[in-house]
$ cat model_14.txt   # compact mmCIF, C-alpha atoms
# COMPACT_ATOMS: atom_id res chain seq x y z
CA MET N 1 61.26 96.10 124.88
CA SER N 2 61.04 99.44 126.66
CA ALA N 3 62.80 102.60 125.47
CA ASP N 4 65.18 102.55 128.44
CA THR N 5 66.14 98.95 127.69
CA LYS N 6 66.82 99.79 124.03
CA LYS N 7 69.02 102.74 125.03
CA PHE N 8 70.92 100.54 127.45
CA THR N 9 71.44 97.88 124.75
CA VAL N 10 72.71 100.43 122.21
CA LEU N 11 75.02 102.00 124.79
CA GLY N 12 76.34 98.59 125.78
CA GLY N 13 77.05 97.72 122.13
CA PHE N 14 78.83 101.03 121.61
CA ASN N 15 80.96 100.46 124.69
CA GLN N 16 81.90 96.99 123.46
CA VAL N 17 82.97 98.34 120.07
CA LEU N 18 84.97 101.14 121.73
CA LEU N 19 86.65 98.65 124.08
CA LEU N 20 87.48 96.40 121.12
CA LEU N 21 89.11 99.30 119.21
CA VAL N 22 91.15 100.30 122.25
CA LEU N 23 92.28 96.69 122.70
CA ILE N 24 93.24 96.38 119.01
CA PHE N 25 95.34 99.56 119.05
CA PHE N 26 96.91 98.55 122.35
CA ILE N 27 97.97 95.21 120.84
CA LEU N 28 99.18 96.84 117.60
CA HIS N 29 101.33 99.32 119.50
CA TYR N 30 102.90 97.03 122.08
CA ALA N 31 103.27 94.02 119.77
CA LYS N 32 104.74 95.96 116.83
CA THR N 33 108.10 94.17 117.13
CA PHE N 34 106.24 90.94 116.44
CA LEU N 35 103.60 92.23 114.02
CA VAL N 36 105.66 94.45 111.68
CA PRO N 37 107.73 91.56 110.24
CA ILE N 38 104.53 89.54 109.75
CA ALA N 39 102.84 92.45 107.96
CA ILE N 40 105.84 92.96 105.66
CA SER N 41 106.04 89.22 104.97
CA GLY N 42 102.33 89.02 104.20
CA LEU N 43 102.54 91.87 101.69
CA MET N 44 105.63 90.38 100.06
CA ALA N 45 103.95 86.97 99.84
CA MET N 46 100.88 88.47 98.15
CA LEU N 47 103.16 90.20 95.66
CA LEU N 48 105.02 86.98 94.83
CA VAL N 49 102.06 84.56 94.68
CA PRO N 50 101.54 84.94 90.86
CA VAL N 51 105.24 84.31 90.21
CA CYS N 52 105.20 81.22 92.42
CA ARG N 53 102.11 79.86 90.68
CA ARG N 54 103.73 80.26 87.28
CA LEU N 55 106.90 78.48 88.40
CA GLU N 56 104.83 75.70 89.97
CA LYS N 57 103.05 75.16 86.64
CA TRP N 58 106.47 74.44 85.14
CA GLY N 59 106.84 71.53 87.57
CA ILE N 60 109.07 73.20 90.17
CA LYS N 61 108.26 72.25 93.76
CA ARG N 62 106.49 74.85 95.88
CA ALA N 63 109.24 75.13 98.50
CA LEU N 64 111.86 75.75 95.83
CA THR N 65 109.73 78.33 94.00
CA ALA N 66 109.12 80.19 97.25
CA ALA N 67 112.84 80.27 98.07
CA ILE N 68 113.83 81.36 94.54
CA THR N 69 111.31 84.20 94.28
CA VAL N 70 112.05 85.57 97.76
CA LEU N 71 115.82 85.46 97.30
CA LEU N 72 115.61 87.14 93.89
CA THR N 73 113.43 89.84 95.42
CA LEU N 74 115.99 90.37 98.19
CA LEU N 75 118.75 90.69 95.58
CA LEU N 76 116.72 93.32 93.74
CA ILE N 77 116.07 95.29 96.94
CA SER N 78 119.76 95.01 97.88
CA GLY N 79 120.68 96.40 94.47
CA VAL N 80 118.45 99.43 94.99
CA ILE N 81 119.93 100.01 98.46
CA TYR N 82 123.46 99.74 97.03
CA VAL N 83 122.67 102.35 94.36
CA LEU N 84 121.17 104.69 96.98
CA ILE N 85 124.21 104.36 99.24
CA ASN N 86 126.58 105.12 96.36
CA GLU N 87 124.55 108.14 95.33
CA LEU N 88 124.40 109.32 98.94
CA VAL N 89 128.19 109.11 99.18
CA ASN N 90 128.50 111.17 96.00
CA LEU N 91 126.04 113.68 97.43
CA GLY N 92 128.08 113.88 100.63
CA THR N 93 131.17 114.99 98.72
CA GLY N 94 129.38 118.23 97.87
CA MET N 95 128.28 119.02 101.43
CA THR N 96 131.11 121.58 101.82
CA VAL N 97 129.75 123.57 98.90
CA LEU N 98 126.23 123.31 100.33
CA GLY N 99 127.45 124.60 103.67
CA GLU N 100 129.13 127.60 102.06
CA ARG N 101 125.99 128.36 100.05
CA LEU N 102 123.83 128.20 103.19
CA ASN N 103 126.15 130.55 105.06
CA THR N 104 126.02 133.03 102.16
CA MET N 105 122.21 132.84 102.03
CA LEU N 106 121.96 133.36 105.80
CA GLY N 107 124.29 136.36 105.62
CA ASN N 108 122.22 137.96 102.86
CA GLY N 109 119.07 137.29 104.85
CA HIS N 110 120.52 138.94 107.97
CA GLU N 111 121.45 142.05 106.01
CA PHE N 112 118.04 142.28 104.34
CA ILE N 113 116.19 142.03 107.67
CA SER N 114 118.52 144.56 109.33
CA GLU N 115 117.99 147.11 106.56
CA HIS N 116 114.22 146.76 106.17
CA PHE N 117 112.98 145.79 109.65
CA ASN N 118 115.59 147.40 111.95
CA VAL N 119 116.38 144.14 113.70
CA SER N 120 120.02 143.76 114.67
CA LYS N 121 122.01 140.75 113.51
CA GLY N 122 122.63 139.78 117.13
CA LYS N 123 118.90 139.48 117.87
CA GLN N 124 118.39 137.60 114.62
CA LYS N 125 121.08 135.08 115.45
CA GLU N 126 119.79 134.69 119.00
CA TYR N 127 116.25 134.01 117.75
CA LEU N 128 117.56 131.69 115.02
CA GLN N 129 119.62 129.70 117.51
CA SER N 130 116.59 129.19 119.77
CA GLN N 131 114.47 128.03 116.83
CA VAL N 132 117.21 125.73 115.55
CA SER N 133 117.49 124.21 119.02
CA GLU N 134 113.75 123.46 119.11
CA TRP N 135 113.74 122.14 115.55
CA SER N 136 116.78 119.97 116.18
CA ASN N 137 115.11 118.36 119.19
CA SER N 138 111.97 117.58 117.20
CA ALA N 139 113.91 116.50 114.14
CA GLY N 140 116.21 114.41 116.30
CA LYS N 141 113.29 112.48 117.73
CA LEU N 142 111.81 111.98 114.26
CA VAL N 143 115.09 110.90 112.70
CA SER N 144 115.97 108.64 115.61
CA GLY N 145 112.55 106.99 115.31
CA ALA N 146 113.00 106.49 111.58
CA VAL N 147 116.55 105.21 111.98
CA PHE N 148 115.44 102.84 114.75
CA SER N 149 112.69 101.51 112.48
CA ILE N 150 115.14 100.99 109.61
CA VAL N 151 117.71 99.30 111.85
CA SER N 152 115.00 97.09 113.33
CA LEU N 153 113.83 96.25 109.82
CA LEU N 154 117.33 95.30 108.73
CA GLY N 155 117.80 93.31 111.92
CA ASN N 156 114.60 91.39 111.23
CA LEU N 157 115.44 90.82 107.56
CA LEU N 158 116.19 87.14 108.16
CA ILE N 159 112.92 86.68 110.03
CA ILE N 160 110.99 88.44 107.24
CA THR N 161 112.67 86.23 104.65
CA VAL N 162 111.75 83.06 106.53
CA TYR N 163 108.18 84.27 107.16
CA THR N 164 107.66 85.12 103.49
CA ILE N 165 108.95 81.75 102.30
CA LEU N 166 106.81 79.86 104.81
CA ILE N 167 103.66 81.87 103.97
CA LEU N 168 104.17 81.07 100.28
CA ILE N 169 104.71 77.38 101.07
CA TYR N 170 101.73 77.05 103.42
CA ARG N 171 99.33 79.43 101.65
CA SER N 172 96.98 76.55 100.78
CA ARG N 173 96.90 75.44 104.40
CA ILE N 174 96.08 79.00 105.53
CA LYS N 175 93.28 79.17 102.95
CA ASN N 176 91.87 75.78 104.03
CA PHE N 177 91.98 76.93 107.65
CA VAL N 178 89.75 79.90 106.78
CA LEU N 179 87.36 77.65 104.83
CA GLN N 180 87.16 75.20 107.72
CA LEU N 181 86.24 78.02 110.12
CA VAL N 182 83.50 79.19 107.74
CA ASN N 183 82.20 75.63 107.36
CA ARG N 184 82.05 75.22 111.11
CA TYR N 185 80.47 78.53 112.10
CA ALA N 186 78.56 79.64 108.98
CA GLY N 187 77.61 76.34 107.37
CA THR N 188 78.61 74.43 104.26
CA GLY N 189 76.59 76.73 102.01
CA GLU N 190 78.97 79.63 102.64
CA VAL N 191 82.19 77.71 101.85
CA ALA N 192 82.01 78.19 98.07
CA HIS N 193 81.31 81.91 98.44
CA THR N 194 84.15 82.27 100.92
CA LYS N 195 86.52 80.44 98.57
CA PHE N 196 85.61 82.88 95.81
CA ILE N 197 86.20 85.84 98.15
CA VAL N 198 89.59 84.50 99.30
CA ASP N 199 90.72 83.95 95.70
CA GLU N 200 89.50 87.43 94.74
CA ILE N 201 91.29 89.01 97.69
CA THR N 202 94.53 87.21 96.85
CA GLN N 203 94.38 88.18 93.18
CA ILE N 204 93.39 91.83 93.60
CA SER N 205 95.71 92.38 96.58
CA SER N 206 98.61 90.92 94.59
CA LEU N 207 97.84 93.25 91.68
CA TYR N 208 97.51 96.19 94.07
CA VAL N 209 100.80 95.61 95.92
CA GLY N 210 102.59 94.81 92.67
CA GLY N 211 101.07 97.92 91.11
CA ILE N 212 102.55 100.08 93.86
CA PHE N 213 106.04 98.78 93.10
CA LEU N 214 105.47 99.22 89.36
CA VAL N 215 104.42 102.84 89.89
CA VAL N 216 107.60 103.40 91.93
CA LEU N 217 109.69 101.97 89.08
CA ILE N 218 107.98 104.09 86.41
CA LEU N 219 108.24 107.25 88.50
CA SER N 220 111.93 106.56 89.18
CA ILE N 221 112.57 106.44 85.44
CA ILE N 222 110.50 109.57 84.77
CA TYR N 223 112.12 111.52 87.62
CA PHE N 224 115.63 110.45 86.63
CA THR N 225 115.09 111.37 82.98
CA GLY N 226 113.50 114.72 83.80
CA LEU N 227 116.02 115.76 86.46
CA THR N 228 118.92 114.74 84.22
CA ILE N 229 117.57 116.87 81.36
CA ILE N 230 117.02 119.79 83.74
CA GLY N 231 120.60 119.43 84.94
CA VAL N 232 120.10 118.53 88.63
CA GLU N 233 123.14 116.88 90.21
CA ASN N 234 122.70 113.40 91.76
CA ALA N 235 119.54 112.96 89.69
CA LEU N 236 119.42 109.19 90.28
CA PHE N 237 119.44 109.59 94.07
CA PHE N 238 116.65 112.17 94.09
CA ALA N 239 114.65 110.18 91.52
CA ILE N 240 114.65 106.99 93.61
CA ILE N 241 114.01 108.81 96.89
CA SER N 242 111.11 110.83 95.41
CA ALA N 243 109.58 107.71 93.86
CA LEU N 244 109.84 105.74 97.12
CA ILE N 245 108.34 108.59 99.16
CA ASN N 246 105.53 108.72 96.59
CA VAL N 247 104.28 105.42 98.08
CA ILE N 248 102.68 107.65 100.73
CA PRO N 249 99.62 109.02 98.87
CA TYR N 250 98.95 112.77 98.60
CA ILE N 251 101.81 113.68 100.94
CA GLY N 252 104.67 111.70 99.41
CA SER N 253 104.70 113.38 96.00
CA VAL N 254 104.70 116.84 97.60
CA VAL N 255 107.50 115.95 100.03
CA GLY N 256 109.63 114.43 97.27
CA GLY N 257 109.25 117.55 95.13
CA ILE N 258 110.04 119.88 98.03
CA ILE N 259 113.30 118.01 98.75
CA VAL N 260 114.55 118.49 95.18
CA VAL N 261 113.35 122.11 94.98
CA LEU N 262 115.14 123.02 98.22
CA TYR N 263 118.31 121.33 96.97
CA THR N 264 118.25 123.33 93.73
CA LEU N 265 117.51 126.55 95.63
CA ILE N 266 120.63 126.05 97.70
CA THR N 267 122.93 124.93 94.91
CA ARG N 268 121.87 127.36 92.14
CA ASP N 269 122.34 131.11 91.86
CA THR N 270 119.08 131.71 89.99
CA LEU N 271 115.46 130.70 90.50
CA THR N 272 115.14 129.28 86.99
CA VAL N 273 116.06 125.69 87.85
CA PRO N 274 113.91 125.52 91.06
CA ILE N 275 110.91 126.86 89.12
CA ILE N 276 111.44 124.31 86.34
CA VAL N 277 111.76 121.51 88.92
CA THR N 278 108.56 122.67 90.62
CA ILE N 279 106.68 122.64 87.31
CA PHE N 280 108.16 119.23 86.45
CA PHE N 281 107.08 117.61 89.75
CA THR N 282 103.61 119.18 89.48
CA VAL N 283 103.12 117.72 86.01
CA VAL N 284 104.38 114.28 87.07
CA GLN N 285 102.13 114.38 90.15
CA GLN N 286 99.10 114.96 87.91
CA LEU N 287 100.26 112.16 85.62
CA ASP N 288 100.54 109.82 88.59
CA SER N 289 97.19 110.83 90.12
CA TYR N 290 95.10 110.59 86.95
CA VAL N 291 96.94 108.07 84.75
CA LEU N 292 99.50 105.82 86.48
CA THR N 293 97.95 104.94 89.83
CA PRO N 294 94.31 104.50 88.64
CA ASN N 295 95.30 102.30 85.69
CA ILE N 296 98.04 100.26 87.38
CA THR N 297 96.75 99.63 90.91
CA GLY N 298 93.17 99.39 89.66
CA SER N 299 89.99 101.29 90.49
CA LYS N 300 88.79 98.61 92.92
CA VAL N 301 91.30 99.63 95.56
CA ARG N 302 91.38 103.37 95.13
CA LEU N 303 91.35 104.95 98.57
CA GLY N 304 89.75 108.24 99.54
CA PRO N 305 92.07 111.05 100.68
CA LEU N 306 90.34 111.47 104.07
CA PHE N 307 90.87 107.91 105.29
CA THR N 308 94.23 107.63 103.54
CA ILE N 309 95.62 110.55 105.54
CA MET N 310 93.92 109.30 108.72
CA VAL N 311 95.41 105.82 108.42
CA LEU N 312 98.77 107.38 107.48
CA LEU N 313 98.87 109.35 110.73
CA LEU N 314 97.52 106.38 112.66
CA GLY N 315 100.24 104.14 111.23
CA GLY N 316 102.91 106.64 112.25
CA MET N 317 101.47 106.81 115.76
CA VAL N 318 101.21 103.04 116.19
CA TRP N 319 104.20 101.64 114.28
CA GLY N 320 106.32 104.71 113.55
CA ALA N 321 107.94 105.08 110.13
CA ALA N 322 107.17 101.45 109.26
CA GLY N 323 103.48 102.04 109.97
CA MET N 324 103.33 105.04 107.65
CA ILE N 325 104.48 102.76 104.82
CA LEU N 326 102.62 99.57 105.72
CA PHE N 327 99.21 100.89 106.76
CA ILE N 328 98.39 102.25 103.27
CA PRO N 329 98.56 98.90 101.42
CA ILE N 330 96.95 97.19 104.42
CA LEU N 331 94.02 99.63 104.16
CA GLY N 332 93.84 98.82 100.44
CA ILE N 333 93.65 95.10 101.24
CA PHE N 334 90.89 95.74 103.78
CA LYS N 335 88.99 97.65 101.09
CA VAL N 336 89.21 94.58 98.86
CA ILE N 337 87.75 92.49 101.69
CA PHE N 338 84.99 95.02 102.37
CA ASP N 339 84.04 95.22 98.69
CA ASN N 340 83.64 91.45 98.41
CA VAL N 341 81.68 90.81 101.62
CA ASP N 342 78.08 92.03 101.41
CA PRO N 343 77.65 93.17 105.05
CA LEU N 344 80.93 95.13 104.82
CA LYS N 345 80.36 96.85 101.46
CA PRO N 346 79.27 100.16 103.08
CA TYR N 347 82.68 100.37 104.79
CA GLY N 348 84.45 99.75 101.46
CA TYR N 349 82.37 102.50 99.91
CA LEU N 350 83.18 104.84 102.80
CA ILE N 351 86.96 104.50 102.57
CA GLY N 352 87.04 104.34 98.76
CA ASP N 353 87.39 107.05 96.14
CA THR N 354 85.10 105.61 93.45
$ encode --input "model_14.txt" --output "structure tokens"
Amino acid sequence: MSADTKKFTVLGGFNQVLLLLVLIFFILHYAKTFLVPIAISGLMAMLLVPVCRRLEKWGIKRALTAAITVLLTLLLISGVIYVLINELVNLGTGMTVLGERLNTMLGNGHEFISEHFNVSKGKQKEYLQSQVSEWSNSAGKLVSGAVFSIVSLLGNLLIITVYTILILIYRSRIKNFVLQLVNRYAGTGEVAHTKFIVDEITQISSLYVGGIFLVVLILSIIYFTGLTIIGVENALFFAIISALINVIPYIGSVVGGIIVVLYTLITRDTLTVPIIVTIFFTVVQQLDSYVLTPNITGSKVRLGPLFTIMVLLLGGMVWGAAGMILFIPILGIFKVIFDNVDPLKPYGYLIGDT
């Protein structure tokens, strides 16, 4: 084969891969209404598989175990949402005080700038109004996107429930379908290896997704205890919100801490409480990074920061707020697949952190 022919073959292969990636992202973006409920249902089913297996060993039929576990999970999620709404209502009762504190802080800031930088209050307010207008437009788009995603999620809750139950019921059929494809295209000799890989993926993915929820629960307790001792109002609300945001690696813990620090800066007259809160969240972040997450989710699915942030931004671009939450565990599941398939192990090594 001549050098020109080899170059043409390599270029053709690269173009095919590039076209495939473009097609995948095109489908993910324009079919998100269909794919997001399936992705959520798949993750929930992986989480609930061990519970279903244990109930089935007790002699309960598979369809009944699937319905029981999914409905109990929905009740638990509904309880968390109810607590958050109640805490949000309690937080809203203090918005008048927050508004007065913000006005006082702005007034002090105007006076400080006027005295030290010779900028009149009129120019300051004019500049501030222009910036607020730009920020409000950007924030409005972001909030509207997030609200639309949440409303869509709630609207599809029935579909997600049905999907999850059916995936749990027909999980053996889905597994046999994969084995039949391998038997047809790769030969009988690969069926046993594929069965091992599928079982390993199911087990590790279940532990990984379950570990994420367990970390959220532990962090909620730690945050609530710490913020209550520090004396932060609405500690339960900020504890749950910070723990849920922590699902987003590297960024979530920082964002959750910033929210609480800003709240204490506005509501307190001194810097003592904000500094203590900052130290508290920094310590808990280290505890999560080096103790909780590695030991609970397992070292086999630890993701590197580079690809975690990349897939986080990609998820937000493709599926919005739902993608920022879903793409992280999906990447973890892909890492499990890569680590258990010999030709794909280099990709698992590339996106991993161990």
$ residues_around --input "model_14.txt" --residues "Ala63 (chain N)" --least-positions-apart "5" --cutoff "10 Å" --atoms "only C-alpha atoms" --output "VMD selection string"
chain N and resid 52 56 68 165 to 166 168 to 170
$ closest_residue --input "model_14.txt" --among "N:Val284, N:Ile276, N:Ile296, N:Ile258" --to "Val215 (chain N)" --atoms "all atoms listed in the file"
N:Ile296
$ residues_around --input "model_14.txt" --residues "region 310-317 of chain N" --least-positions-apart "5" --cutoff "8 Å" --atoms "only C-alpha atoms" --output "number ranges by chain"
N: 248, 322-328, 331
$ atom_distance --input "model_14.txt" --atom1 "CA of Ala243 (chain N)" --atom2 "CA of Val261 (chain N)"
14.9 Å
$ residues_around --input "model_14.txt" --residues "region 227-242 of chain N" --least-positions-apart "4" --cutoff "7 Å" --atoms "all atoms listed in the file" --output "mmCIF file with C-alpha atoms, in the frame of the given file"
data_model
loop_
_atom_site.group_PDB
_atom_site.id
_atom_site.type_symbol
_atom_site.label_atom_id
_atom_site.label_comp_id
_atom_site.auth_asym_id
_atom_site.auth_seq_id
_atom_site.Cartn_x
_atom_site.Cartn_y
_atom_site.Cartn_z
ATOM 1 C CA LEU N 84 121.170 104.690 96.980
ATOM 2 C CA GLU N 87 124.550 108.140 95.330
ATOM 3 C CA LEU N 88 124.400 109.320 98.940
ATOM 4 C CA LEU N 91 126.040 113.680 97.430
ATOM 5 C CA SER N 220 111.930 106.560 89.180
ATOM 6 C CA TYR N 223 112.120 111.520 87.620
ATOM 7 C CA ASN N 246 105.530 108.720 96.590
ATOM 8 C CA SER N 253 104.700 113.380 96.000
ATOM 9 C CA GLY N 256 109.630 114.430 97.270
ATOM 10 C CA GLY N 257 109.250 117.550 95.130
ATOM 11 C CA VAL N 260 114.550 118.490 95.180
#
$ residues_around --input "model_14.txt" --residues "Ile204 (chain N)" --least-positions-apart "4" --cutoff "12 Å" --atoms "only C-alpha atoms" --output "VMD selection string"
chain N and resid 46 to 47 49 to 50 197 to 200 208 to 211 296 to 302 329 332 to 337 339 to 340
$ write_last_selection --input "model_14.txt" --atoms "C-alpha atoms" --output "mmCIF file, in the coordinates of the input"
data_model
loop_
_atom_site.group_PDB
_atom_site.id
_atom_site.type_symbol
_atom_site.label_atom_id
_atom_site.label_comp_id
_atom_site.auth_asym_id
_atom_site.auth_seq_id
_atom_site.Cartn_x
_atom_site.Cartn_y
_atom_site.Cartn_z
ATOM 1 C CA MET N 46 100.880 88.470 98.150
ATOM 2 C CA LEU N 47 103.160 90.200 95.660
ATOM 3 C CA VAL N 49 102.060 84.560 94.680
ATOM 4 C CA PRO N 50 101.540 84.940 90.860
ATOM 5 C CA ILE N 197 86.200 85.840 98.150
ATOM 6 C CA VAL N 198 89.590 84.500 99.300
ATOM 7 C CA ASP N 199 90.720 83.950 95.700
ATOM 8 C CA GLU N 200 89.500 87.430 94.740
ATOM 9 C CA TYR N 208 97.510 96.190 94.070
ATOM 10 C CA VAL N 209 100.800 95.610 95.920
ATOM 11 C CA GLY N 210 102.590 94.810 92.670
ATOM 12 C CA GLY N 211 101.070 97.920 91.110
ATOM 13 C CA ILE N 296 98.040 100.260 87.380
ATOM 14 C CA THR N 297 96.750 99.630 90.910
ATOM 15 C CA GLY N 298 93.170 99.390 89.660
ATOM 16 C CA SER N 299 89.990 101.290 90.490
ATOM 17 C CA LYS N 300 88.790 98.610 92.920
ATOM 18 C CA VAL N 301 91.300 99.630 95.560
ATOM 19 C CA ARG N 302 91.380 103.370 95.130
ATOM 20 C CA PRO N 329 98.560 98.900 101.420
ATOM 21 C CA GLY N 332 93.840 98.820 100.440
ATOM 22 C CA ILE N 333 93.650 95.100 101.240
ATOM 23 C CA PHE N 334 90.890 95.740 103.780
ATOM 24 C CA LYS N 335 88.990 97.650 101.090
ATOM 25 C CA VAL N 336 89.210 94.580 98.860
ATOM 26 C CA ILE N 337 87.750 92.490 101.690
ATOM 27 C CA ASP N 339 84.040 95.220 98.690
ATOM 28 C CA ASN N 340 83.640 91.450 98.410
#
$ residues_around --input "model_14.txt" --residues "region 177-184 of chain N" --least-positions-apart "6" --cutoff "8 Å" --atoms "only C-alpha atoms" --output "mmCIF file with C-alpha atoms, in the frame of the given file"
data_model
loop_
_atom_site.group_PDB
_atom_site.id
_atom_site.type_symbol
_atom_site.label_atom_id
_atom_site.label_comp_id
_atom_site.auth_asym_id
_atom_site.auth_seq_id
_atom_site.Cartn_x
_atom_site.Cartn_y
_atom_site.Cartn_z
ATOM 1 C CA GLU N 190 78.970 79.630 102.640
ATOM 2 C CA VAL N 191 82.190 77.710 101.850
ATOM 3 C CA THR N 194 84.150 82.270 100.920
ATOM 4 C CA LYS N 195 86.520 80.440 98.570
#
$ closest_residue --input "model_14.txt" --among "N:Thr225, N:Asn15, N:Thr161, N:Ser78" --to "Ala66 (chain N)" --atoms "only C-alpha atoms"
N:Thr161
$ atom_distance --input "model_14.txt" --atom1 "CA of Leu157 (chain N)" --atom2 "CA of Pro37 (chain N)"
8.2 Å
